[in-house]
Amino acid sequence: MPRIDISKYRYQAISNVLGQMEMMYGQVLVSTNADNVQFFKQEFDLKLEKTVWKEYHKLAGIKARVCFTPGNIRVQCVMDDLIQFYHVDPETLAVTLENTMSNYMRCNYMYYGPKVRYCITYQNGSRKIQIYRRKVFHNFKVSVSE
Amino acid sequence: MFDEEFSGTYIKIYNIVQNHAGTKYGVIYFDDGDWRVRTFGKTKRSVDEIKNTEINMNELLGLDNWTMVDPATHYSLGGCCFVDDETIFVGVFHSHSMTHHHCLIDLNTRQLIGNKQSHFLADSSERNFLVDCYYDSEKDECFSFYRGG
């Protein structure tokens, strides 16, 4: 039997508009709307004396679709011309831009597997998906000793 | 490879969810006023098998089929998420009465666990809708997020 008691619920308005969204680590809500990407997390509000959802990071001026696969530590913001990879620290939940690439394949969705070996992209209206496999692993290590 | 067939009069599907292990999938979809929940694995099923295991949320929650979705979007006005392999959390927005309903469903018996919960969204509108539901396994909490924030 689940341990949840659904009769104890609370209602909170956290933003004016929420669009397409993804949940990371069960703690961070990444949501898009017309022209920005918002990151929300739960914080304890001393005035209200309860935990509330608060926006703690905002990517202004970005009209994107956010893509995230459970097990990953990055979220992809897929725009018409660019794809940005944001690292969300699992402990501090800090958001940092890690990489930006040109959206040369004009995809609308980009998902990576948890081991970052495979990537799936999809373009709206297309009859098929594209699957990319990681070609090179840059993990060559040399033992250095005197 | 496998495929899962969805058929009906007017269908809207937004999201397919998976359990923690990624071995079981679930979806809530809208069909002309009715919400239906189904779970499936990685094997192809017959139409009869799908019909026999599908859960009609309107019957389970005692809702009418007056709800109409926005034709311009693909949102189904409902969301679901796995709590564990045998339990799924489901939330729907009955737009005509502007009421949010949520419940837990036992996937073995296809019946409610406990009672359904309803909440009238006084500051909402009929155009509002439920975008998605998530489960936080650490705090044992489920979240339902609406378009209207």
# chains A, B, ... in the order shown; residues from 1 in each chain; ligands from 1
>>> closest_atom_pairs(of="chain B", to="chain A", cutoff="6 Å", atoms="only C-alpha atoms", output="tab-separated table")
residue	atom	partner	partner_atom	distance
B:Asp136	CA	A:Gly26	CA	4.7
B:Asp140	CA	A:Ile4	CA	5.8
B:Arg147	CA	A:Leu18	CA	4.7
B:Gly148	CA	A:Val17	CA	4.9
B:Gly149	CA	A:Ser15	CA	4.5
>>> write_last_selection(atoms="N, CA and C atoms", output="mmCIF file, in the first residue's frame")
data_model
loop_
_atom_site.group_PDB
_atom_site.id
_atom_site.type_symbol
_atom_site.label_atom_id
_atom_site.label_comp_id
_atom_site.auth_asym_id
_atom_site.auth_seq_id
_atom_site.Cartn_x
_atom_site.Cartn_y
_atom_site.Cartn_z
ATOM 1 N N ASP B 136 7.019 12.671 -5.965
ATOM 2 C CA ASP B 136 8.301 12.831 -5.289
ATOM 3 C C ASP B 136 8.442 11.675 -4.299
ATOM 4 N N ASP B 140 7.256 11.536 -0.521
ATOM 5 C CA ASP B 140 5.962 10.873 -0.696
ATOM 6 C C ASP B 140 4.857 11.871 -0.977
ATOM 7 N N ARG B 147 -1.982 24.835 -16.019
ATOM 8 C CA ARG B 147 -1.557 25.870 -16.961
ATOM 9 C C ARG B 147 -1.646 27.261 -16.321
ATOM 10 N N GLY B 148 -2.722 27.473 -15.585
ATOM 11 C CA GLY B 148 -2.927 28.774 -14.954
ATOM 12 C C GLY B 148 -2.059 29.001 -13.734
ATOM 13 N N GLY B 149 -1.022 28.209 -13.563
ATOM 14 C CA GLY B 149 -0.062 28.407 -12.475
ATOM 15 C C GLY B 149 -0.567 27.943 -11.135
#
>>> residues_around(residues="stretch 119-124 of chain B", least_positions_apart="5", cutoff="9 Å", atoms="only C-alpha atoms", output="PyMOL selection string")
(chain A and resi 11) or (chain B and resi 97-102+148)
>>> write_last_selection(atoms="C-alpha atoms", output="short mmCIF file (atom, residue, chain, number, x, y, z; two decimals), in the first residue's frame")
data_model
loop_
_atom_site.label_atom_id
_atom_site.label_comp_id
_atom_site.auth_asym_id
_atom_site.auth_seq_id
_atom_site.Cartn_x
_atom_site.Cartn_y
_atom_site.Cartn_z
CA TYR A 11 -3.33 24.43 -3.27
CA SER B 97 -17.48 22.75 -12.83
CA MET B 98 -13.90 24.10 -12.59
CA THR B 99 -13.09 21.29 -10.18
CA HIS B 100 -9.86 19.40 -9.80
CA HIS B 101 -10.17 15.72 -8.92
CA HIS B 102 -7.38 13.40 -7.89
CA GLY B 148 -2.93 28.77 -14.95
#
>>> select_by_dssp(residues="chain A", states="strand (DSSP E or B)", output="PyMOL selection string")
chain A and resi 21-24+28-32+36-45+50-60+65-67+74-78+82-88+95-102+109-112+118-122+130-133
>>> select_by_dssp(residues="stretch 21-134 of chain B", states="helix (DSSP H, G or I)", output="PDB file with N, CA and C atoms, in the first residue's frame")
ATOM      1  N   VAL B  47      -6.735  -5.601 -29.158  1.00  0.00           N
ATOM      2  CA  VAL B  47      -7.704  -4.544 -28.858  1.00  0.00           C
ATOM      3  C   VAL B  47      -8.592  -4.956 -27.682  1.00  0.00           C
ATOM      4  N   ASP B  48      -9.003  -6.225 -27.650  1.00  0.00           N
ATOM      5  CA  ASP B  48      -9.849  -6.718 -26.551  1.00  0.00           C
ATOM      6  C   ASP B  48      -9.111  -6.650 -25.219  1.00  0.00           C
ATOM      7  N   GLU B  49      -7.857  -7.040 -25.259  1.00  0.00           N
ATOM      8  CA  GLU B  49      -7.049  -7.021 -24.032  1.00  0.00           C
ATOM      9  C   GLU B  49      -6.915  -5.594 -23.507  1.00  0.00           C
ATOM     10  N   ILE B  50      -6.722  -4.661 -24.416  1.00  0.00           N
ATOM     11  CA  ILE B  50      -6.601  -3.251 -24.015  1.00  0.00           C
ATOM     12  C   ILE B  50      -7.910  -2.762 -23.405  1.00  0.00           C
ATOM     13  N   LYS B  51      -9.014  -3.083 -24.067  1.00  0.00           N
ATOM     14  CA  LYS B  51     -10.323  -2.630 -23.572  1.00  0.00           C
ATOM     15  C   LYS B  51     -10.631  -3.205 -22.194  1.00  0.00           C
ATOM     16  N   ASN B  52     -10.246  -4.452 -21.980  1.00  0.00           N
ATOM     17  CA  ASN B  52     -10.550  -5.096 -20.702  1.00  0.00           C
ATOM     18  C   ASN B  52      -9.744  -4.527 -19.539  1.00  0.00           C
ATOM     19  N   THR B  53      -8.584  -3.989 -19.844  1.00  0.00           N
ATOM     20  CA  THR B  53      -7.728  -3.504 -18.754  1.00  0.00           C
ATOM     21  C   THR B  53      -7.752  -1.986 -18.610  1.00  0.00           C
ATOM     22  N   MET B  57     -12.071   6.780 -16.137  1.00  0.00           N
ATOM     23  CA  MET B  57     -12.002   7.658 -14.971  1.00  0.00           C
ATOM     24  C   MET B  57     -13.336   8.310 -14.661  1.00  0.00           C
ATOM     25  N   ASN B  58     -14.136   8.591 -15.675  1.00  0.00           N
ATOM     26  CA  ASN B  58     -15.442   9.227 -15.433  1.00  0.00           C
ATOM     27  C   ASN B  58     -16.337   8.322 -14.589  1.00  0.00           C
ATOM     28  N   GLU B  59     -16.320   7.034 -14.899  1.00  0.00           N
ATOM     29  CA  GLU B  59     -17.111   6.090 -14.101  1.00  0.00           C
ATOM     30  C   GLU B  59     -16.562   5.982 -12.687  1.00  0.00           C
ATOM     31  N   LEU B  60     -15.246   5.947 -12.598  1.00  0.00           N
ATOM     32  CA  LEU B  60     -14.608   5.780 -11.286  1.00  0.00           C
ATOM     33  C   LEU B  60     -14.815   6.994 -10.390  1.00  0.00           C
ATOM     34  N   LEU B  61     -14.785   8.192 -10.990  1.00  0.00           N
ATOM     35  CA  LEU B  61     -14.909   9.420 -10.201  1.00  0.00           C
ATOM     36  C   LEU B  61     -16.336   9.971 -10.196  1.00  0.00           C
TER      37      LEU B  61
END
>>> atom_distance(atom1="atom CA of A:Gln76", atom2="atom CA of B:Tyr75")
21.5 Å
>>> closest_residue(among="A:Val144, A:Asp81, A:Pro90, A:Thr69", to="A:Ile120", atoms="only C-alpha atoms")
A:Thr69
>>> residues_around(residues="B:Lys42", least_positions_apart="3", cutoff="12 Å", atoms="only C-alpha atoms", output="ChimeraX atom specification")
/B:1-4,18,22-26,39,45
>>> write_last_selection(atoms="N, CA and C atoms", output="PDB file, in the first residue's frame")
ATOM      1  N   MET B   1      10.316  -4.218 -30.882  1.00  0.00           N
ATOM      2  CA  MET B   1       9.381  -3.110 -31.115  1.00  0.00           C
ATOM      3  C   MET B   1       7.950  -3.552 -30.798  1.00  0.00           C
ATOM      4  N   PHE B   2       7.185  -2.665 -30.259  1.00  0.00           N
ATOM      5  CA  PHE B   2       5.772  -2.952 -30.025  1.00  0.00           C
ATOM      6  C   PHE B   2       4.987  -1.677 -30.289  1.00  0.00           C
ATOM      7  N   ASP B   3       3.706  -1.819 -30.467  1.00  0.00           N
ATOM      8  CA  ASP B   3       2.879  -0.628 -30.618  1.00  0.00           C
ATOM      9  C   ASP B   3       1.616  -0.785 -29.793  1.00  0.00           C
ATOM     10  N   GLU B   4       1.054   0.313 -29.431  1.00  0.00           N
ATOM     11  CA  GLU B   4      -0.141   0.345 -28.597  1.00  0.00           C
ATOM     12  C   GLU B   4      -1.167   1.206 -29.335  1.00  0.00           C
ATOM     13  N   GLN B  18       6.319   6.647 -17.043  1.00  0.00           N
ATOM     14  CA  GLN B  18       6.876   5.324 -16.797  1.00  0.00           C
ATOM     15  C   GLN B  18       7.150   5.143 -15.317  1.00  0.00           C
ATOM     16  N   GLY B  22      11.380   1.848 -15.373  1.00  0.00           N
ATOM     17  CA  GLY B  22      11.222   2.003 -16.818  1.00  0.00           C
ATOM     18  C   GLY B  22      10.693   0.757 -17.490  1.00  0.00           C
ATOM     19  N   THR B  23       9.987  -0.096 -16.739  1.00  0.00           N
ATOM     20  CA  THR B  23       9.467  -1.346 -17.299  1.00  0.00           C
ATOM     21  C   THR B  23       7.970  -1.285 -17.562  1.00  0.00           C
ATOM     22  N   LYS B  24       7.338  -0.275 -17.022  1.00  0.00           N
ATOM     23  CA  LYS B  24       5.883  -0.171 -17.136  1.00  0.00           C
ATOM     24  C   LYS B  24       5.527   1.258 -17.534  1.00  0.00           C
ATOM     25  N   TYR B  25       4.567   1.377 -18.407  1.00  0.00           N
ATOM     26  CA  TYR B  25       4.181   2.707 -18.890  1.00  0.00           C
ATOM     27  C   TYR B  25       2.710   2.965 -18.592  1.00  0.00           C
ATOM     28  N   GLY B  26       2.395   4.229 -18.452  1.00  0.00           N
ATOM     29  CA  GLY B  26       1.013   4.611 -18.170  1.00  0.00           C
ATOM     30  C   GLY B  26       0.656   5.870 -18.926  1.00  0.00           C
ATOM     31  N   THR B  39      -2.302   1.192 -18.578  1.00  0.00           N
ATOM     32  CA  THR B  39      -0.885   0.900 -18.347  1.00  0.00           C
ATOM     33  C   THR B  39      -0.500  -0.264 -19.247  1.00  0.00           C
ATOM     34  N   ARG B  45      -0.427  -5.740 -27.485  1.00  0.00           N
ATOM     35  CA  ARG B  45      -1.642  -6.319 -26.925  1.00  0.00           C
ATOM     36  C   ARG B  45      -2.772  -6.228 -27.951  1.00  0.00           C
TER      37      ARG B  45
END
>>> residues_around(residues="B:Asn56", least_positions_apart="3", cutoff="12 Å", atoms="only C-alpha atoms", output="compact mmCIF listing (two decimals) with N, CA and C atoms, in the first residue's frame")
# COMPACT_ATOMS: atom_id res chain seq x y z
N ILE B 28 -2.83 8.75 -19.48
CA ILE B 28 -4.24 9.15 -19.37
C ILE B 28 -4.55 9.90 -20.65
N TYR B 29 -5.64 9.53 -21.28
CA TYR B 29 -6.01 10.23 -22.50
C TYR B 29 -7.48 10.60 -22.47
N PHE B 30 -7.81 11.58 -23.27
CA PHE B 30 -9.14 12.16 -23.30
C PHE B 30 -9.83 11.69 -24.58
N ASP B 31 -11.06 11.19 -24.43
CA ASP B 31 -11.81 10.77 -25.61
C ASP B 31 -13.22 11.33 -25.53
N GLY B 33 -14.78 13.70 -23.91
CA GLY B 33 -15.41 13.91 -22.60
C GLY B 33 -15.06 12.86 -21.57
N ASP B 34 -14.53 11.73 -22.01
CA ASP B 34 -14.13 10.67 -21.07
C ASP B 34 -12.62 10.63 -20.93
N TRP B 35 -12.17 10.44 -19.70
CA TRP B 35 -10.74 10.20 -19.48
C TRP B 35 -10.54 8.72 -19.27
N ARG B 36 -9.54 8.19 -19.90
CA ARG B 36 -9.23 6.78 -19.72
C ARG B 36 -7.76 6.62 -19.35
N VAL B 37 -7.50 5.72 -18.44
CA VAL B 37 -6.13 5.43 -18.00
C VAL B 37 -5.79 4.01 -18.41
N ARG B 38 -4.63 3.85 -18.97
CA ARG B 38 -4.17 2.50 -19.27
C ARG B 38 -2.69 2.37 -18.95
N LYS B 51 -9.01 -3.08 -24.07
CA LYS B 51 -10.32 -2.63 -23.57
C LYS B 51 -10.63 -3.21 -22.19
N ASN B 52 -10.25 -4.45 -21.98
CA ASN B 52 -10.55 -5.10 -20.70
C ASN B 52 -9.74 -4.53 -19.54
N THR B 53 -8.58 -3.99 -19.84
CA THR B 53 -7.73 -3.50 -18.75
C THR B 53 -7.75 -1.99 -18.61
N GLU B 59 -16.32 7.03 -14.90
CA GLU B 59 -17.11 6.09 -14.10
C GLU B 59 -16.56 5.98 -12.69
N LEU B 60 -15.25 5.95 -12.60
CA LEU B 60 -14.61 5.78 -11.29
C LEU B 60 -14.82 6.99 -10.39
N LEU B 61 -14.78 8.19 -10.99
CA LEU B 61 -14.91 9.42 -10.20
C LEU B 61 -16.34 9.97 -10.20
N GLY B 62 -17.21 9.36 -10.96
CA GLY B 62 -18.60 9.84 -11.02
C GLY B 62 -18.73 11.17 -11.74
N LEU B 63 -18.05 11.30 -12.86
CA LEU B 63 -18.07 12.57 -13.61
C LEU B 63 -18.88 12.41 -14.90
N ASP B 64 -19.48 13.52 -15.34
CA ASP B 64 -20.15 13.48 -16.64
C ASP B 64 -19.11 13.68 -17.75
N ASN B 65 -19.58 13.60 -18.99
CA ASN B 65 -18.64 13.74 -20.12
C ASN B 65 -18.83 15.08 -20.83
N VAL B 90 -3.74 9.78 -10.30
CA VAL B 90 -4.40 10.39 -11.46
C VAL B 90 -5.07 11.69 -11.03
N ILE B 105 -5.08 4.89 -7.73
CA ILE B 105 -5.72 3.70 -8.29
C ILE B 105 -4.82 2.48 -8.11
N ARG B 110 -7.92 -2.24 -10.34
CA ARG B 110 -8.44 -1.12 -11.13
C ARG B 110 -9.52 -0.35 -10.38
N GLN B 111 -9.35 -0.26 -9.07
CA GLN B 111 -10.28 0.46 -8.22
C GLN B 111 -9.54 1.54 -7.43
N LEU B 112 -10.31 2.48 -6.89
CA LEU B 112 -9.72 3.55 -6.11
C LEU B 112 -9.12 3.01 -4.81
>>> residues_around(residues="A:Tyr122", least_positions_apart="6", cutoff="10 Å", atoms="only C-alpha atoms", output="PyMOL selection string")
chain A and resi 105-111+128-131
>>> closest_atom_pairs(of="stretch 27-120 of chain A", to="stretch 126-133 of chain B", cutoff="12 Å", atoms="only C-alpha atoms", output="Markdown table")
| residue | atom | partner | partner_atom | distance |
| --- | --- | --- | --- | --- |
| A:Leu29 | CA | B:Asp132 | CA | 10.8 |
| A:Val30 | CA | B:Asp132 | CA | 11.9 |
| A:Ser31 | CA | B:Val131 | CA | 10.5 |
| A:Thr32 | CA | B:Val131 | CA | 11.8 |
>>> atom_distance(atom1="atom CA of A:Lys50", atom2="atom CA of A:Val75")
28.5 Å
>>> residues_around(residues="A:Gln84", least_positions_apart="2", cutoff="9 Å", atoms="only C-alpha atoms", output="PyMOL selection string")
chain A and resi 75-79+82+86+97-102
>>> residues_around(residues="A:Trp53", least_positions_apart="6", cutoff="7 Å", atoms="only C-alpha atoms", output="PyMOL selection string")
chain A and resi 14+40-43
